[in-house]
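Have a look at input16.cif; it's mmCIF, C-alpha atoms:
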data_data
#
loop_
_atom_site.label_atom_id
_atom_site.label_comp_id
_atom_site.auth_asym_id
_atom_site.auth_seq_id
_atom_site.Cartn_x
_atom_site.Cartn_y
_atom_site.Cartn_z
CA MET A 1 104.15 -78.41 142.12
CA ALA A 2 105.42 -74.84 141.85
CA GLN A 3 108.19 -75.48 144.37
CA LEU A 4 109.30 -78.68 142.63
CA MET A 5 109.35 -76.92 139.26
CA ARG A 6 111.11 -73.93 140.78
CA LEU A 7 113.80 -76.25 142.16
CA HIS A 8 114.27 -78.56 139.17
CA LEU A 9 112.88 -76.94 136.01
CA HIS A 10 113.35 -73.18 136.31
CA GLY A 11 116.56 -73.23 134.27
CA ALA A 12 114.93 -75.26 131.49
CA PHE A 13 112.08 -72.77 131.22
CA VAL A 14 114.52 -69.85 131.12
CA ARG A 15 116.51 -71.50 128.31
CA ALA A 16 113.28 -72.07 126.37
CA ILE A 17 112.34 -68.40 126.74
CA GLU A 18 115.82 -67.34 125.64
CA ARG A 19 115.38 -69.53 122.52
CA GLY A 20 112.14 -67.67 121.75
CA VAL A 21 109.66 -70.41 122.66
CA PRO A 22 106.09 -69.14 123.24
CA ILE A 23 104.76 -70.35 126.60
CA ILE A 24 101.18 -70.13 127.86
CA ALA A 25 100.25 -70.71 131.50
CA PRO A 26 96.48 -70.74 132.04
CA CYS A 27 94.81 -71.01 135.46
CA ASN A 28 96.96 -73.25 137.71
CA GLY A 29 99.74 -72.66 135.22
CA PHE A 30 99.58 -68.93 135.98
CA GLN A 31 99.77 -69.68 139.70
CA ILE A 32 102.81 -71.89 139.11
CA ALA A 33 104.52 -69.38 136.79
CA ALA A 34 104.09 -66.67 139.43
CA GLN A 35 105.48 -68.87 142.21
CA MET A 36 108.39 -69.97 140.00
CA GLY A 37 109.30 -66.35 139.29
CA LEU A 38 108.75 -66.74 135.53
CA LEU A 39 106.13 -64.01 135.72
CA PRO A 40 106.50 -61.13 135.67
CA GLY A 41 110.16 -62.03 135.09
CA PRO A 42 113.14 -59.68 134.54
CA GLU A 43 112.93 -56.38 132.72
CA GLU A 44 113.62 -56.10 129.01
CA GLY A 45 117.34 -56.56 128.31
CA GLU A 46 118.10 -57.80 131.82
CA PRO A 47 119.51 -61.34 132.20
CA TRP A 48 117.72 -63.97 134.21
CA PRO A 49 119.19 -64.32 137.71
CA ASP A 50 121.14 -67.48 138.54
CA ARG A 51 118.52 -68.44 141.11
CA PRO A 52 114.74 -68.16 140.71
CA PRO A 53 113.58 -64.76 141.98
CA ARG A 54 111.10 -64.40 144.82
CA PRO A 55 107.49 -64.14 143.65
CA SER A 56 106.35 -60.53 143.17
CA ILE A 57 102.72 -61.26 142.26
CA ARG A 58 100.22 -63.71 143.67
CA LEU A 59 96.92 -65.31 142.78
CA ALA A 60 94.90 -65.25 145.99
CA ASP A 61 91.53 -66.69 147.02
CA ASN A 62 88.58 -65.28 145.11
CA GLU A 63 86.91 -62.44 147.01
CA SER A 64 83.73 -64.51 147.09
CA ALA A 65 85.65 -67.33 148.84
CA ARG A 66 83.96 -69.64 146.33
CA PHE A 67 85.07 -71.64 143.32
CA SER A 68 83.88 -69.92 140.15
CA ASP A 69 83.18 -71.95 137.00
CA ARG A 70 81.62 -69.86 134.22
CA TRP A 71 82.32 -67.70 131.18
CA VAL A 72 83.50 -64.12 131.69
CA LYS A 73 83.80 -61.06 129.49
CA VAL A 74 87.38 -60.00 128.83
CA GLU A 75 89.21 -57.06 127.30
CA LEU A 76 92.39 -57.47 125.25
CA GLU A 77 94.92 -54.73 125.91
CA VAL A 78 95.61 -52.95 122.62
CA ASN A 79 99.15 -51.88 123.53
CA SER A 80 100.27 -55.17 125.05
CA ARG A 81 103.54 -56.69 123.89
CA CYS A 82 102.06 -60.17 124.38
CA ILE A 83 102.47 -62.21 121.19
CA TRP A 84 99.45 -64.34 122.11
CA THR A 85 96.98 -61.42 121.97
CA GLN A 86 98.52 -58.86 119.60
CA GLY A 87 96.26 -57.70 116.81
CA LEU A 88 93.20 -59.68 117.93
CA SER A 89 89.86 -57.91 117.67
CA PHE A 90 86.49 -59.35 118.68
CA ASP A 91 83.17 -57.76 119.56
CA GLN A 92 82.02 -57.92 123.17
CA GLN A 93 79.79 -60.98 122.78
CA GLU A 94 82.64 -62.93 121.22
CA ARG A 95 85.23 -61.58 123.67
CA MET A 96 84.56 -64.14 126.39
CA LEU A 97 86.60 -66.95 127.95
CA PRO A 98 85.77 -69.68 130.45
CA ILE A 99 87.18 -69.68 133.97
CA ALA A 100 87.28 -72.39 136.63
CA HIS A 101 89.19 -71.44 139.77
CA GLY A 102 88.94 -70.67 143.46
CA GLU A 103 92.26 -68.82 143.78
CA GLY A 104 92.53 -66.41 140.87
CA ARG A 105 92.56 -62.92 142.40
CA PHE A 106 95.56 -61.12 140.89
CA ILE A 107 97.48 -59.11 143.47
CA PRO A 108 100.71 -57.31 142.53
CA GLY A 109 103.42 -56.93 145.15
CA SER A 110 103.04 -53.15 145.02
CA ASP A 111 101.20 -50.33 143.29
CA ASP A 112 104.48 -49.42 141.61
CA LEU A 113 104.74 -52.89 140.09
CA LEU A 114 101.20 -52.66 138.71
CA ALA A 115 101.92 -49.23 137.21
CA HIS A 116 105.13 -50.57 135.69
CA LEU A 117 103.38 -53.56 134.12
CA GLU A 118 100.77 -51.23 132.65
CA GLN A 119 103.35 -48.76 131.29
CA CYS A 120 105.47 -51.50 129.73
CA GLY A 121 102.57 -53.22 127.95
CA ARG A 122 102.84 -56.31 130.15
CA ILE A 123 99.14 -56.56 130.99
CA ALA A 124 97.62 -58.67 128.22
CA VAL A 125 94.07 -59.45 129.32
CA ARG A 126 91.64 -57.81 131.74
CA TYR A 127 88.22 -58.81 132.93
CA ALA A 128 85.49 -56.46 131.75
CA ALA A 129 84.84 -53.89 134.47
CA ASP A 130 81.37 -55.32 135.13
CA ASP A 131 82.50 -58.97 135.10
CA ASN A 132 85.51 -59.37 137.42
CA PRO A 133 84.92 -62.86 138.86
CA ASN A 134 87.49 -62.88 141.63
CA GLY A 135 88.27 -59.29 142.67
CA SER A 136 91.56 -59.04 140.77
CA VAL A 137 93.32 -55.69 141.22
CA ALA A 138 92.71 -53.43 138.19
CA ASN A 139 90.64 -56.25 136.63
CA VAL A 140 93.87 -57.99 135.57
CA ALA A 141 93.18 -61.43 134.10
CA GLY A 142 96.58 -62.08 132.49
CA ILE A 143 100.09 -60.66 132.15
CA CYS A 144 103.13 -61.42 130.01
CA ASP A 145 106.86 -61.27 130.55
CA ALA A 146 109.11 -58.62 129.01
CA THR A 147 109.64 -60.67 125.84
CA GLY A 148 105.89 -61.04 125.28
CA LEU A 149 106.42 -64.80 124.85
CA VAL A 150 105.18 -65.96 128.25
CA LEU A 151 101.50 -65.41 128.96
CA GLY A 152 99.94 -66.26 132.30
CA LEU A 153 96.18 -65.85 132.65
CA MET A 154 93.40 -67.25 134.80
CA PRO A 155 90.86 -67.78 131.95
CA HIS A 156 91.16 -70.87 129.74
CA PRO A 157 91.66 -70.03 126.02
CA GLU A 158 92.39 -73.71 125.35
CA ARG A 159 88.73 -74.43 126.14
CA TYR A 160 87.47 -72.12 123.41
CA TYR A 161 88.67 -73.40 120.03
CA ARG A 162 85.28 -73.76 118.30
CA TRP A 163 82.21 -71.52 118.30
CA THR A 164 79.89 -74.20 119.69
CA GLN A 165 81.75 -73.96 123.00
CA HIS A 166 80.54 -70.38 123.47
CA PRO A 167 77.72 -70.27 126.06
CA PHE A 168 75.26 -68.67 123.63
CA TRP A 169 76.80 -69.41 120.26
CA THR A 170 73.42 -69.83 118.56
CA ARG A 171 72.65 -66.16 119.24
CA LEU A 172 75.94 -64.60 118.14
CA GLY A 173 74.81 -63.84 114.59
CA GLY A 174 76.94 -61.86 112.16
CA ASP A 175 79.92 -63.42 110.44
CA HIS A 176 81.42 -65.08 113.50
CA ALA A 177 81.22 -68.55 111.94
CA THR A 178 83.64 -67.49 109.21
CA ARG A 179 86.31 -66.47 111.73
CA GLU A 180 88.17 -68.26 114.50
CA PRO A 181 87.01 -67.93 118.11
CA LEU A 182 89.18 -66.03 120.57
CA GLY A 183 90.88 -69.02 122.20
CA LEU A 184 91.94 -70.57 118.90
CA ALA A 185 93.02 -67.18 117.55
CA MET A 186 95.41 -66.79 120.50
CA PHE A 187 97.08 -70.11 119.72
CA ARG A 188 97.25 -69.21 116.00
CA ASN A 189 99.08 -66.02 117.01
CA ALA A 190 101.69 -68.03 118.88
CA VAL A 191 102.14 -70.47 115.99
CA ALA A 192 102.51 -67.60 113.51
CA HIS A 193 105.11 -65.97 115.76
CA ALA A 194 107.08 -69.23 116.02
CA ARG A 195 106.98 -69.74 112.26
CA SER A 196 108.16 -66.19 111.59
CA ALA A 197 111.02 -66.66 114.05
CA VAL A 198 112.12 -69.86 112.32
CA ALA A 199 111.94 -68.16 108.91
CA VAL A 200 114.32 -65.45 110.10
#

Before we go any further, please render this structure as structure tokens.
Amino acid sequence: MAQLMRLHLHGAFVRAIERGVPIIAPCNGFQIAAQMGLLPGPEEGEPWPDRPPRPSIRLADNESARFSDRWVKVELEVNSRCIWTQGLSFDQQERMLPIAHGEGRFIPGSDDLLAHLEQCGRIAVRYAADDNPNGSVANVAGICDATGLVLGLMPHPERYYRWTQHPFWTRLGGDHATREPLGLAMFRNAVAHARSAVAV
């Protein structure tokens, strides 16, 4: 799938990004975006190359060599430029997302690339240090491109749009029921960004 999209659709995705379209690529989508060269993508201000670039990150087999299907604790990077996660704040119990993958271990092409992604605010989501389900380097669960529009992540925010989907929602307590869960809040962020762009 990634090779077919790389061959036939890469240009269409680039044009969408240049128009300011928010794009989310969860799980297999993250794997495809990495293989297509959409992530991490060019640096800020640099044009997209005429041909799709070679992949510089990969999503390898889980260290356990097993498929993992469960909820994991995540951390949202405060200084990330990702429009999907900016400004979101949840307590640890609420800051969870489901995963379902066998090949989700994030591996950057080099230590320099990882340091660059961190310095430029391109890491959007990490697994909690005590809950890394696949052995991802630096606990990275998701990254964004230089525009902040394209988010690739192994967890599934689209599977967490109501509180009753949380694995122990009856024990959350507090005022969680009056707020949106993390997955839905991420999509609301993208919609708000798109609306603000249209208004301008």

In the coordinates of the file, take the point (119.8, -62.8, 128.3) and a cut-off of 7 Å; then, counting all atoms listed in the file, name each qualifying protein, DNA or RNA residue as a list of chain:residue names.
A:Glu18, A:Gly45, A:Glu46, A:Pro47, A:Trp48

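In terms of minimum interatomic distance to A:His166, A:Gln93 ranks closest within A:Gln119, A:Gln93, A:Asn139, A:Thr178, counting all atoms listed in the file.
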
Could you state which residues are captured by the PyMOL selection byres ((chain A and resi 149) around 8) in this file, as an mmCIF file with C-alpha atoms, keeping the file's coordinate frame?
data_model
loop_
_atom_site.group_PDB
_atom_site.id
_atom_site.type_symbol
_atom_site.label_atom_id
_atom_site.label_comp_id
_atom_site.auth_asym_id
_atom_site.auth_seq_id
_atom_site.Cartn_x
_atom_site.Cartn_y
_atom_site.Cartn_z
ATOM 1 C CA ILE A 17 112.340 -68.400 126.740
ATOM 2 C CA GLY A 20 112.140 -67.670 121.750
ATOM 3 C CA VAL A 21 109.660 -70.410 122.660
ATOM 4 C CA PRO A 22 106.090 -69.140 123.240
ATOM 5 C CA ILE A 23 104.760 -70.350 126.600
ATOM 6 C CA CYS A 82 102.060 -60.170 124.380
ATOM 7 C CA ILE A 83 102.470 -62.210 121.190
ATOM 8 C CA TRP A 84 99.450 -64.340 122.110
ATOM 9 C CA CYS A 144 103.130 -61.420 130.010
ATOM 10 C CA ASP A 145 106.860 -61.270 130.550
ATOM 11 C CA ALA A 146 109.110 -58.620 129.010
ATOM 12 C CA THR A 147 109.640 -60.670 125.840
ATOM 13 C CA GLY A 148 105.890 -61.040 125.280
ATOM 14 C CA VAL A 150 105.180 -65.960 128.250
ATOM 15 C CA LEU A 151 101.500 -65.410 128.960
#

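For the residues A:Ala65, A:Ala128, A:Ala60, A:Ile143, ranking by smallest atom-to-atom distance to A:Gly41 using all atoms listed in the file places A:Ile143 first.
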
Pick from A:Gln31, A:Arg195, A:Glu75, A:Arg54, whichever lies nearest to A:Ala129 using only C-alpha atoms
A:Glu75

Between atom CA of A:Arg6 and atom CA of A:Asn28, what distance in Å does the model show, to one decimal?
14.5 Å

Apply the PyMOL selection byres ((chain A and resi 51) around 12) to the structure shown and report the selected residues as a list in words.
Arg6, Leu7, His8, Leu9, His10, Gly11, Val14, Met36, Gly37, Leu38, Pro47, Trp48, Pro49, Asp50, Pro52, Pro53 and Arg54 of chain A

Counting only C-alpha atoms, which of A:Leu97, A:Ala16, A:Ile123, A:Cys27 gets nearest to A:Pro40?
A:Ile123

In Å, with one decimal, what is the gap from atom CA of A:Met154 to atom CA of A:Ala34?
11.7 Å

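Minimum distance to A:Gln86 across A:Ala190, A:Val198, A:Leu117, A:Leu59 (counting all atoms listed in the file) occurs at A:Ala190.
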
I'd like to see the residues matched by the PyMOL selection byres ((chain A and resi 73) around 12) on this file, and ideally I'd get them as an MDAnalysis selection string.
chainID A and resid 70:72 74:76 90:99 125:133 139 141 155 166:167 182
